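Structure file target-v2.tsv (TSV, C-alpha atoms) follows.
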```
chain	number	residue	atom	x	y	z
A	402	MET	CA	22.66	154.22	194.79
A	403	SER	CA	21.58	155.40	198.19
A	404	ARG	CA	18.30	157.28	198.76
A	405	TRP	CA	19.96	160.02	200.79
A	406	SER	CA	20.56	163.33	199.14
A	407	GLN	CA	21.59	166.78	200.24
A	408	TYR	CA	17.92	167.85	200.04
A	409	ASP	CA	16.63	165.51	202.75
A	410	THR	CA	16.64	167.99	205.62
A	411	ASP	CA	13.70	169.87	207.12
A	412	GLU	CA	14.92	173.19	205.67
A	413	GLU	CA	14.58	171.91	202.10
A	414	ARG	CA	11.42	169.83	202.57
A	415	LEU	CA	9.25	171.96	204.90
A	416	PRO	CA	7.55	175.26	204.07
A	417	GLU	CA	9.18	178.51	205.23
A	418	GLY	CA	9.03	178.86	209.04
A	419	MET	CA	7.82	175.29	209.67
A	420	GLN	CA	9.73	173.46	212.40
A	421	ARG	CA	9.60	169.79	213.42
A	422	ILE	CA	8.87	169.53	217.17
A	423	GLY	CA	8.09	165.87	217.80
A	424	TYR	CA	7.48	162.31	216.72
A	425	ASP	CA	4.95	159.80	218.09
A	426	ALA	CA	6.34	156.30	217.62
A	427	ASP	CA	2.99	154.65	218.43
A	428	THR	CA	1.08	156.38	215.62
A	429	GLN	CA	4.21	157.09	213.49
A	430	THR	CA	3.25	160.72	213.04
A	431	TYR	CA	5.57	163.72	213.01
A	432	THR	CA	4.48	166.96	214.67
A	433	PHE	CA	5.39	170.40	213.28
A	434	ARG	CA	4.88	174.05	214.35
A	435	ASP	CA	4.57	176.98	211.96
A	436	VAL	CA	5.53	180.64	212.56
A	437	HIS	CA	2.03	181.44	213.88
A	438	GLY	CA	2.19	178.74	216.56
A	439	ASP	CA	-0.21	176.36	214.86
A	440	ILE	CA	0.45	172.65	215.34
A	441	TRP	CA	0.49	170.35	212.31
A	442	GLU	CA	0.85	166.57	211.97
A	443	SER	CA	1.96	164.40	209.08
A	444	ALA	CA	0.02	161.41	207.84
A	445	PRO	CA	0.87	158.20	209.76
A	446	GLY	CA	4.07	156.68	208.40
A	447	ASN	CA	5.06	159.78	206.35
A	448	GLN	CA	7.89	162.04	207.39
A	449	TYR	CA	6.91	164.67	204.83
A	450	GLY	CA	3.96	165.09	202.52
A	451	GLN	CA	0.54	166.52	203.29
A	452	LEU	CA	0.27	168.06	206.77
A	453	TYR	CA	-2.94	168.33	208.79
A	454	ARG	CA	-3.66	171.14	211.25
A	455	VAL	CA	-4.12	169.88	214.83
A	456	ASN	CA	-4.76	173.10	216.82
A	457	THR	CA	-3.96	176.80	217.09
A	458	THR	CA	-3.64	177.28	220.83
A	459	LEU	CA	0.11	177.28	221.54
A	460	PRO	CA	2.30	180.29	220.70
A	461	SER	CA	5.38	179.97	218.55
A	462	TYR	CA	8.68	179.12	220.22
A	463	ASP	CA	10.35	181.88	218.22
A	464	ASP	CA	8.60	184.41	220.46
A	465	ASP	CA	11.03	185.51	223.21
A	466	THR	CA	8.22	186.07	225.74
A	467	HIS	CA	7.56	182.33	226.05
A	468	ASP	CA	9.83	179.71	227.51
A	469	ALA	CA	10.26	176.45	225.59
A	470	THR	CA	9.19	174.50	228.69
A	471	GLU	CA	5.99	176.49	229.23
A	472	PRO	CA	3.61	173.69	228.17
A	473	LEU	CA	5.16	171.53	230.89
A	474	HIS	CA	4.07	173.90	233.66
A	475	PRO	CA	0.35	173.73	234.46
A	476	ASN	CA	-1.68	176.88	234.73
A	477	PRO	CA	-2.28	177.53	238.46
A	478	ASN	CA	-5.76	178.90	237.70
A	479	GLU	CA	-6.93	175.69	236.02
A	480	PRO	CA	-8.27	172.94	238.30
A	481	ARG	CA	-6.18	169.77	238.35
A	482	PRO	CA	-7.92	166.59	237.25
A	483	SER	CA	-8.83	164.36	240.18
A	484	TRP	CA	-7.15	161.04	240.87
A	485	ARG	CA	-10.37	159.36	239.73
A	486	HIS	CA	-9.93	160.81	236.27
A	487	GLU	CA	-6.35	159.55	236.13
A	488	MET	CA	-7.37	156.05	237.27
A	489	MET	CA	-10.26	155.62	234.80
A	490	PRO	CA	-8.24	153.45	232.37
A	491	LEU	CA	-7.80	150.89	235.14
A	492	LEU	CA	-11.53	150.75	235.91
A	493	ASN	CA	-12.28	148.25	233.13
A	494	TRP	CA	-9.40	146.02	234.20
A	495	PHE	CA	-10.48	145.97	237.85
A	496	LEU	CA	-14.10	145.38	236.80
A	497	LEU	CA	-13.16	142.36	234.69
A	498	VAL	CA	-10.93	140.90	237.41
A	499	SER	CA	-13.68	141.42	240.01
A	500	LEU	CA	-16.30	139.72	237.86
A	501	PHE	CA	-13.93	136.84	237.19
A	502	LEU	CA	-13.26	136.37	240.92
A	503	ILE	CA	-16.97	136.56	241.76
A	504	PHE	CA	-17.66	133.88	239.14
A	505	ILE	CA	-14.88	131.65	240.49
A	506	PHE	CA	-16.15	131.93	244.09
A	507	TRP	CA	-19.73	131.34	242.94
A	508	PHE	CA	-18.63	128.25	240.99
A	509	ILE	CA	-16.60	126.87	243.91
A	510	GLY	CA	-19.40	127.62	246.37
A	511	GLY	CA	-21.96	125.96	244.08
A	512	ALA	CA	-19.85	122.83	243.82
A	513	THR	CA	-20.20	122.11	247.52
A	514	LYS	CA	-23.36	120.24	248.41
A	515	ARG	CA	-25.79	122.27	250.44
A	516	VAL	CA	-27.37	120.35	253.29
A	517	GLU	CA	-30.93	121.32	254.02
A	518	PRO	CA	-32.24	120.71	257.55
A	519	ILE	CA	-34.64	117.80	257.92
A	520	ALA	CA	-37.81	118.12	259.95
A	521	CYS	CA	-38.20	115.03	262.12
A	522	GLY	CA	-41.60	113.66	263.09
A	523	ASP	CA	-43.08	113.26	266.60
A	524	HIS	CA	-41.66	109.77	267.08
A	525	SER	CA	-38.01	110.76	266.30
A	526	SER	CA	-35.40	113.32	267.40
A	527	PRO	CA	-32.87	115.20	265.21
A	528	TYR	CA	-29.16	114.41	265.31
A	529	ASN	CA	-26.42	116.60	263.74
A	530	ILE	CA	-23.88	114.53	261.83
A	531	GLN	CA	-20.27	115.10	262.91
A	532	SER	CA	-16.94	114.17	261.39
A	533	GLY	CA	-16.25	110.43	261.58
A	534	ASP	CA	-19.91	109.43	262.04
A	535	ASN	CA	-21.41	106.52	260.12
A	536	CYS	CA	-24.89	104.98	260.23
A	537	TRP	CA	-23.87	101.96	262.30
A	538	ALA	CA	-22.06	104.10	264.96
A	539	ILE	CA	-25.00	106.52	265.23
A	540	ALA	CA	-27.50	103.66	265.61
A	541	GLU	CA	-25.28	101.95	268.20
A	542	GLN	CA	-24.75	105.23	270.10
A	543	HIS	CA	-28.50	105.87	270.40
A	544	GLY	CA	-29.49	102.25	271.04
A	545	VAL	CA	-31.59	101.71	267.91
A	546	SER	CA	-31.26	99.18	265.13
A	547	LEU	CA	-29.68	100.13	261.81
A	548	GLU	CA	-32.87	99.06	259.97
A	549	SER	CA	-35.07	101.44	262.02
A	550	LEU	CA	-32.56	104.32	261.43
A	551	LEU	CA	-32.65	103.66	257.67
A	552	HIS	CA	-36.45	103.36	257.71
A	553	GLU	CA	-36.76	106.73	259.50
A	554	ASN	CA	-34.36	108.41	256.99
A	555	PRO	CA	-35.39	107.18	253.51
A	556	GLY	CA	-32.89	107.87	250.73
A	557	ILE	CA	-29.93	108.29	253.11
A	558	ASP	CA	-26.57	107.10	251.75
A	559	CYS	CA	-24.56	105.76	254.69
A	560	ASP	CA	-21.35	105.97	252.69
A	561	LYS	CA	-21.77	109.72	252.05
A	562	LEU	CA	-23.05	111.39	255.22
A	563	ALA	CA	-22.73	115.17	255.00
A	564	ILE	CA	-21.03	116.75	258.01
A	565	GLY	CA	-23.47	119.21	259.58
A	566	GLY	CA	-26.45	117.41	258.09
A	567	THR	CA	-29.34	116.08	260.16
A	568	LEU	CA	-30.56	112.53	260.74
A	569	CYS	CA	-33.78	111.58	262.47
A	570	ILE	CA	-33.13	109.11	265.29
A	571	PRO	CA	-36.22	106.97	266.12
A	572	ARG	CA	-37.18	106.91	269.79
A	573	ALA	CA	-36.90	103.44	271.31
```
Can the structure from this file be put into structure tokens for me?
Amino acid sequence: MSRWSQYDTDEERLPEGMQRIGYDADTQTYTFRDVHGDIWESAPGNQYGQLYRVNTTLPSYDDDTHDATEPLHPNPNEPRPSWRHEMMPLLNWFLLVSLFLIFIFWFIGGATKRVEPIACGDHSSPYNIQSGDNCWAIAEQHGVSLESLLHENPGIDCDKLAIGGTLCIPRA
């Protein structure tokens, strides 16, 4: 047998003068208004049952002096909320995205090897490494032996010269 009966309407289930005015699908609560204009809500998931008072600020719709769309029109004397107030829910999202991007750029920037300038002594002159340079070509270009170039720059890896780095070229 079906659960529907002739007594499943608001007139039979609700107290005298109570009227259903809305339903919130997110919270599954029904909203009701009584003859005095008070707003009531049902428990989440219950169409009927115990009702809880929400507020007492809105007048009843049965009153002919009020239009049913009145709550939709803002009061011209009340200040409107600023755009900042309306955008506050997005603040956390933008903050998380910004922090993520800062971390990514910091990580990428930290992965590149920083080349610190080298201070050359009195018996050598600095040379800025350019693209395509290698130890043999630099030594040949300046007229010094490869051994003296390597002796003047201890710990240099000729296979991994950093572009923009500095080598000390011994004076001949």
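Counting all atoms listed in the file and comparing A:Ala563, A:Cys569, A:Ile422, A:Ala444, the residue that lies closest to Asn535 (chain A) is A:Ala563.
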Practice item. Find the residue from A:Gly450, A:Pro571, A:Gly565, A:Gly522 that sits nearest to Ala540 (chain A); use only C-alpha atoms when measuring. Key: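 For Ala540 (chain A), the nearest of the candidates is A:Pro571.
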Practice item. Enumerate, as a ChimeraX atom specification, the protein, DNA and RNA residues whose atoms approach (-37.2, 114.2, 270.6) to within 10 Å, taking into account all atoms listed in the file and the coordinate frame of the file. Key: /A:521-528,569-572
Review point. Within 9 Å of (-26.9, 108.0, 263.2), only C-alpha atoms: residues as JSON, numbers by chain?
Key: {"A": [528, 529, 530, 534, 535, 536, 537, 538, 539, 540, 541, 542, 543, 547, 550, 567, 568, 569, 570]}
Check your understanding: Any idea what the distance is between CA of Gln420 (chain A) and CA of Asp435 (chain A)?
Key ->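 Atom-to-atom, CA of Gln420 (chain A) and CA of Asp435 (chain A) are spaced 6.3 Å apart.
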Check your understanding: So how far away is CA of Gln531 (chain A) from CA of Asn554 (chain A), in Å?
Key ->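 According to the coordinates, CA of Asn554 (chain A) and CA of Gln531 (chain A) are separated by 16.7 Å.
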Review point. By how many Å are CA of Val455 (chain A) and CA of Gly418 (chain A) apart?
Key: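 Interatomic distance here is 16.9 Å.
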Point to revise | Selection near Ala426 (chain A), 12 Å with all atoms listed in the file, sequence-local residues under 6 positions removed, as a count of residues only | key: 5
